[in-house]
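Here the structure comes first, spelled out in structure tokens, and everything after it is commentary.
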Amino acid sequence: MSKAKIAVVGAGLMGHGIAQVFALAGHEVTITDAARANVESVRARIAANLRDLGDDPGAVERVRPLTDLAETVRGADFVVEAVSEDLPLKQKLFVEIEGYVRPDTILASNTSVIPITKIMEGLRNRTRALGTHWWNPPYLVPLVEVIGTQWTSQQAIDWTMQLHAAAGKKPAHVKKDVPGFIGNRLQHALWREAISLVEHGICDAETVDDVVKAAFGRRLAVLGPLENADMVGTDLTLAIHKTVLPDIDGRPGPSPYLETLVATGKLGFKSGEGFRKWTPEQQAALRAKVLQHLKQSRDI
């Protein structure tokens with residue numbers, strides 16, 4: 001794919017990683033953020049990542065930090081927004097961006113759960129607007145969900161899929177714009193039942209995590225759930241579902257157990273206790289373990 005001019009709006013945790021991926025793929029990238037400190041530090045953060053991963057250190061030279069939104073997006077072929085999960089902020093931002101870009105510039109939001117339809121509904125030209133949901137950290141997790149709305153043109157979808165595939169990502173087309181898209185709906189369906197198991201005294205939190213990591217979690221990187229269902233047989237899958245599904249948590253709202261944790265200040269790593277207690281050393285060790293695992297998985 002020919003090199004494109006990429007603009008990233010938001011230079012925080014996700015934005016700097018997205019800029020890094022596109023720059024490493026050879027694209028010229030401009031990036032901005034409402035927080036000046038993020039703009040001033042973004043190249044240093046990208047350079048540190050590149051060194052740590054053993055990637056081309058020269059890629060950072062293709063990233064140009066700017067403080068002005070109009071200058072950042074003007075002339076861009078593709079604009080991706082990576083600001084906080086705040087619907088009014090995103091809506092206002094895209095209306096402003098639309099006033100600065102070419103009529104054919106594709107506009108994308110990196111929201112993880114907010115429907116793209118709501119974010120883009122105020123635009124004049126909604127055919128070129130879509131979602132690209134990256135996963136954290138963007139430079140280590142391959143998946144990018146590409147979400148169209150009822151207005152998005154097939155041309156915009158196809159171009160965006162090709163852009164991300166050429167940058168080494170694994171784009172997945174989400175054909176209907178629903179909250180949480182594909183990945184987060186699957187992830188939080190698992191989380192809901194995991195919380196329910198603890199809430200109802202079936203096991204403790206550590207056991208839930210041990211069961212996932214020591215059993216089907218071992219296979220998930222190479223065997224998806226529907227591949228597994230076909231492997232064991234849809235007839236066996238149906239028989240299991242007739243027995244298990246009626247007993248699985250189906251409440252439409254959050255678990256009261258989770259609500260109690262939040263209400264009592266048990267916020268996980270933030271407070272040192274959530275479903276389990278966490279010392280600073282345990283937190284650091286788990287973060288390092290996850291990062292090392294993702295690094296080792298890059299070439300799988």
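Order determines the names: the first chain of the structure tokens is A, the second B, and so forth; residues in each chain are numbered 1 upward, and ligands are numbered 1 upward as they are shown.
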
Every residue of region 19-141 of chain A that DSSP places in alpha helix (DSSP H), as an MDAnalysis selection string: chainID A and resid 19:24 36:53 69:73 87:98 116:120

Nearby residues (only C-alpha atoms) at most 9 Å from Arg102 (chain A), same-chain spacing under 2 positions excluded, as a VMD selection string: chain A and resid 74 to 77 98 to 100 104 to 106

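Once Tyr257 (chain A) and its same-chain neighbours fewer than 3 positions away are set aside, Ile195, Glu199, Thr260 and Leu261 of chain A remain within 8 Å of it when counting only C-alpha atoms.
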
CA of His188 (chain A) to CA of Ala221 (chain A), straight-line distance in Å: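 We find that CA of Ala221 (chain A) and CA of His188 (chain A) lie 17.6 Å from each other.
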
Coordinates-based distance that separates CA of Pro137 (chain A) from CA of Ala285 (chain A) (Å, one decimal):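 Between CA of Ala285 (chain A) and CA of Pro137 (chain A) the gap works out to 17.1 Å.
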
Nearest residue to Trp159 (chain A) from the set A:Pro252, A:Val83, A:Ala59, A:Phe78 (distances using only C-alpha atoms):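 Counting only C-alpha atoms, the residue closest to Trp159 (chain A) is A:Phe78.
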
Would you tabulate, counting only C-alpha atoms, all residues of region 144-259 of chain A that have an atom at most 12 Å from an atom of region 112-120 of chain A, showing the closest pair of atoms and their distance in Å to one decimal, sorted by chain then ascending number, as a Markdown table?
```
| residue | atom | partner | partner_atom | distance |
| --- | --- | --- | --- | --- |
| A:Val144 | CA | A:Ser112 | CA | 10.5 |
| A:Glu145 | CA | A:Ser112 | CA | 9.3 |
| A:Val146 | CA | A:Ile116 | CA | 10.4 |
| A:Ile147 | CA | A:Ile116 | CA | 7.3 |
| A:Gly148 | CA | A:Ile116 | CA | 7.6 |
| A:Thr149 | CA | A:Thr117 | CA | 5.8 |
| A:Gln150 | CA | A:Thr117 | CA | 7.9 |
| A:Trp151 | CA | A:Thr117 | CA | 8.6 |
| A:Thr152 | CA | A:Thr117 | CA | 9.7 |
| A:Val174 | CA | A:Ile116 | CA | 11.1 |
| A:Lys175 | CA | A:Ile116 | CA | 11.9 |
| A:Lys176 | CA | A:Pro115 | CA | 9.7 |
| A:Asp177 | CA | A:Pro115 | CA | 6.0 |
| A:Val178 | CA | A:Pro115 | CA | 5.8 |
| A:Pro179 | CA | A:Val113 | CA | 5.2 |
| A:Gly180 | CA | A:Val113 | CA | 4.0 |
| A:Phe181 | CA | A:Val113 | CA | 6.7 |
| A:Ile182 | CA | A:Val113 | CA | 9.7 |
| A:Gly183 | CA | A:Ser112 | CA | 9.2 |
| A:Asn184 | CA | A:Val113 | CA | 7.4 |
| A:Arg185 | CA | A:Val113 | CA | 8.9 |
| A:Gln187 | CA | A:Val113 | CA | 11.9 |
| A:His188 | CA | A:Val113 | CA | 11.2 |
```

Go ahead and save the residues from that selection, with N, CA and C atoms, as a compact mmCIF listing (two decimals), in the first residue's frame.
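Output file again28.txt follows:
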```
# COMPACT_ATOMS: atom_id res chain seq x y z
N VAL A 144 -7.09 -4.99 15.27
CA VAL A 144 -7.76 -3.69 15.15
C VAL A 144 -9.15 -3.96 14.60
N GLU A 145 -10.18 -3.66 15.38
CA GLU A 145 -11.55 -3.83 14.91
C GLU A 145 -11.95 -2.62 14.07
N VAL A 146 -12.41 -2.86 12.85
CA VAL A 146 -12.82 -1.79 11.94
C VAL A 146 -14.34 -1.80 11.88
N ILE A 147 -14.95 -0.74 12.42
CA ILE A 147 -16.40 -0.71 12.62
C ILE A 147 -17.05 0.29 11.68
N GLY A 148 -17.95 -0.20 10.86
CA GLY A 148 -18.73 0.68 9.99
C GLY A 148 -20.07 1.00 10.61
N THR A 149 -20.67 2.08 10.15
CA THR A 149 -22.04 2.43 10.55
C THR A 149 -22.94 2.24 9.33
N GLN A 150 -24.22 2.57 9.48
CA GLN A 150 -25.14 2.46 8.34
C GLN A 150 -24.80 3.45 7.24
N TRP A 151 -23.94 4.45 7.58
CA TRP A 151 -23.57 5.45 6.59
C TRP A 151 -22.22 5.17 5.93
N THR A 152 -21.37 4.38 6.53
CA THR A 152 -20.00 4.22 6.07
C THR A 152 -19.94 3.53 4.70
N VAL A 174 -16.16 -5.29 11.69
CA VAL A 174 -17.38 -5.36 12.51
C VAL A 174 -18.51 -4.81 11.65
N LYS A 175 -19.42 -5.67 11.23
CA LYS A 175 -20.42 -5.31 10.22
C LYS A 175 -21.60 -4.53 10.78
N LYS A 176 -21.82 -4.61 12.08
CA LYS A 176 -22.89 -3.85 12.72
C LYS A 176 -22.32 -3.10 13.91
N ASP A 177 -22.69 -1.84 14.04
CA ASP A 177 -22.15 -0.98 15.08
C ASP A 177 -22.92 -1.21 16.39
N VAL A 178 -22.36 -2.05 17.26
CA VAL A 178 -22.99 -2.36 18.54
C VAL A 178 -22.02 -2.01 19.67
N PRO A 179 -22.52 -1.66 20.86
CA PRO A 179 -21.63 -1.33 21.97
C PRO A 179 -20.66 -2.46 22.28
N GLY A 180 -19.36 -2.13 22.37
CA GLY A 180 -18.36 -3.13 22.69
C GLY A 180 -17.82 -3.88 21.50
N PHE A 181 -18.49 -3.71 20.31
CA PHE A 181 -18.02 -4.34 19.06
C PHE A 181 -17.94 -5.87 19.23
N ILE A 182 -16.81 -6.49 18.89
CA ILE A 182 -16.71 -7.94 19.01
C ILE A 182 -15.89 -8.33 20.24
N GLY A 183 -14.66 -7.85 20.29
CA GLY A 183 -13.72 -8.28 21.33
C GLY A 183 -14.19 -7.99 22.74
N ASN A 184 -14.67 -6.78 22.99
CA ASN A 184 -15.09 -6.44 24.35
C ASN A 184 -16.39 -7.13 24.75
N ARG A 185 -17.25 -7.44 23.79
CA ARG A 185 -18.46 -8.20 24.12
C ARG A 185 -18.08 -9.61 24.57
N GLN A 187 -15.07 -10.54 25.73
CA GLN A 187 -14.28 -10.45 26.96
C GLN A 187 -15.16 -10.24 28.18
N HIS A 188 -16.14 -9.36 28.06
CA HIS A 188 -16.95 -9.03 29.24
C HIS A 188 -18.05 -10.07 29.50
```

Selection: 10 Å around Gly17 (chain A), only C-alpha atoms, excl. self and same-chain fewer than 5 positions, as a PyMOL selection string: chain A and resi 11-12+22-23+42+45-46+49+134-140

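Minimum distance to Asp68 (chain A) across A:Leu53, A:Leu89, A:Ala34, A:Val244 (counting only C-alpha atoms) occurs at A:Ala34.
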
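Summary of the local environment: counting only C-alpha atoms, residues at most 8 Å from region 28-31 of chain A, other than itself and those fewer than 2 positions away along its chain, are Lys3, Ala4, Lys5, Ile6, Ala7, Val8, Val9, Gly10, Ala11, Ala19, Phe22, Ala23, Gly26, Asp33, Val39, Arg62, Val63, Arg64, Pro65, Leu66, Thr72 and Val73 of chain A.
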
All residues 12 Å or closer to Thr237 (chain A), only C-alpha atoms, same chain fewer than 5 positions away omitted, as a ChimeraX atom specification: /A:225-232,242-245

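Atom to atom, CA of Thr127 (chain A) and CA of Ala156 (chain A) stand 7.6 Å apart.
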
Residues near Leu190 (chain A), cut-off 12 Å, only C-alpha atoms, skip fewer than 6 positions along chain, as a ChimeraX atom specification: /A:183-184,196-197,208-209,212,217,248-250

How about saving the chosen residues, N, CA, C and O atoms kept, as an mmCIF file, in the first residue's frame?
```cif
data_model
loop_
_atom_site.group_PDB
_atom_site.id
_atom_site.type_symbol
_atom_site.label_atom_id
_atom_site.label_comp_id
_atom_site.auth_asym_id
_atom_site.auth_seq_id
_atom_site.Cartn_x
_atom_site.Cartn_y
_atom_site.Cartn_z
ATOM 1 N N GLY A 183 -14.663 -7.855 20.293
ATOM 2 C CA GLY A 183 -13.723 -8.275 21.331
ATOM 3 C C GLY A 183 -14.194 -7.992 22.740
ATOM 4 O O GLY A 183 -14.134 -8.866 23.619
ATOM 5 N N ASN A 184 -14.674 -6.777 22.991
ATOM 6 C CA ASN A 184 -15.089 -6.441 24.353
ATOM 7 C C ASN A 184 -16.387 -7.134 24.749
ATOM 8 O O ASN A 184 -16.612 -7.416 25.933
ATOM 9 N N SER A 196 -19.618 -13.691 38.709
ATOM 10 C CA SER A 196 -20.746 -14.427 39.276
ATOM 11 C C SER A 196 -20.284 -15.651 40.057
ATOM 12 O O SER A 196 -20.839 -15.973 41.126
ATOM 13 N N LEU A 197 -19.273 -16.339 39.563
ATOM 14 C CA LEU A 197 -18.750 -17.519 40.263
ATOM 15 C C LEU A 197 -18.234 -17.152 41.648
ATOM 16 O O LEU A 197 -18.456 -17.881 42.630
ATOM 17 N N VAL A 208 -10.631 -18.610 39.871
ATOM 18 C CA VAL A 208 -11.184 -18.278 38.548
ATOM 19 C C VAL A 208 -10.053 -18.030 37.560
ATOM 20 O O VAL A 208 -10.025 -18.589 36.452
ATOM 21 N N ASP A 209 -9.105 -17.177 37.951
ATOM 22 C CA ASP A 209 -8.007 -16.843 37.051
ATOM 23 C C ASP A 209 -7.131 -18.053 36.759
ATOM 24 O O ASP A 209 -6.679 -18.250 35.622
ATOM 25 N N VAL A 212 -8.878 -20.334 34.123
ATOM 26 C CA VAL A 212 -8.798 -19.796 32.756
ATOM 27 C C VAL A 212 -7.395 -19.973 32.194
ATOM 28 O O VAL A 212 -7.209 -20.471 31.072
ATOM 29 N N GLY A 217 -7.684 -21.162 28.362
ATOM 30 C CA GLY A 217 -6.866 -20.008 28.010
ATOM 31 C C GLY A 217 -5.596 -20.393 27.273
ATOM 32 O O GLY A 217 -5.085 -19.618 26.453
ATOM 33 N N ILE A 248 -26.015 -20.137 33.726
ATOM 34 C CA ILE A 248 -25.005 -19.080 33.615
ATOM 35 C C ILE A 248 -25.649 -17.722 33.860
ATOM 36 O O ILE A 248 -26.806 -17.487 33.488
ATOM 37 N N ASP A 249 -24.917 -16.825 34.476
ATOM 38 C CA ASP A 249 -25.431 -15.498 34.819
ATOM 39 C C ASP A 249 -25.924 -14.782 33.564
ATOM 40 O O ASP A 249 -25.183 -14.596 32.600
ATOM 41 N N GLY A 250 -27.194 -14.370 33.606
ATOM 42 C CA GLY A 250 -27.762 -13.664 32.458
ATOM 43 C C GLY A 250 -28.339 -12.313 32.815
ATOM 44 O O GLY A 250 -29.126 -11.753 32.058
#
```

Nearest-residue call for Val95 (chain A), choices A:Arg287, A:Gly265, A:Leu107, A:Leu123, using only C-alpha atoms: A:Leu123

Selected residue of minimal separation from Met14 (chain A) among A:Glu81, A:Glu206, A:Glu193, A:Asp158, counting only C-alpha atoms: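 Using only C-alpha atoms, Met14 (chain A) sits closest to A:Glu81.
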
Residue nearest Pro142 (chain A) among A:His241, A:Lys90, A:Arg298, A:Arg43 (counting only C-alpha atoms):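 Closest residue, counting only C-alpha atoms: A:Arg298.
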
Which of region 17-234 of chain A DSSP labels strand (DSSP E), written as a PyMOL selection string: chain A and resi 28-32+63-65+78-81+106-109+129-134+143-147+170-174

Pick from A:Lys169, A:Glu259, A:Thr234, A:Ile97, whichever lies nearest to Glu71 (chain A) using only C-alpha atoms: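 Residue with the minimum atom-to-atom distance to Glu71 (chain A): A:Ile97.
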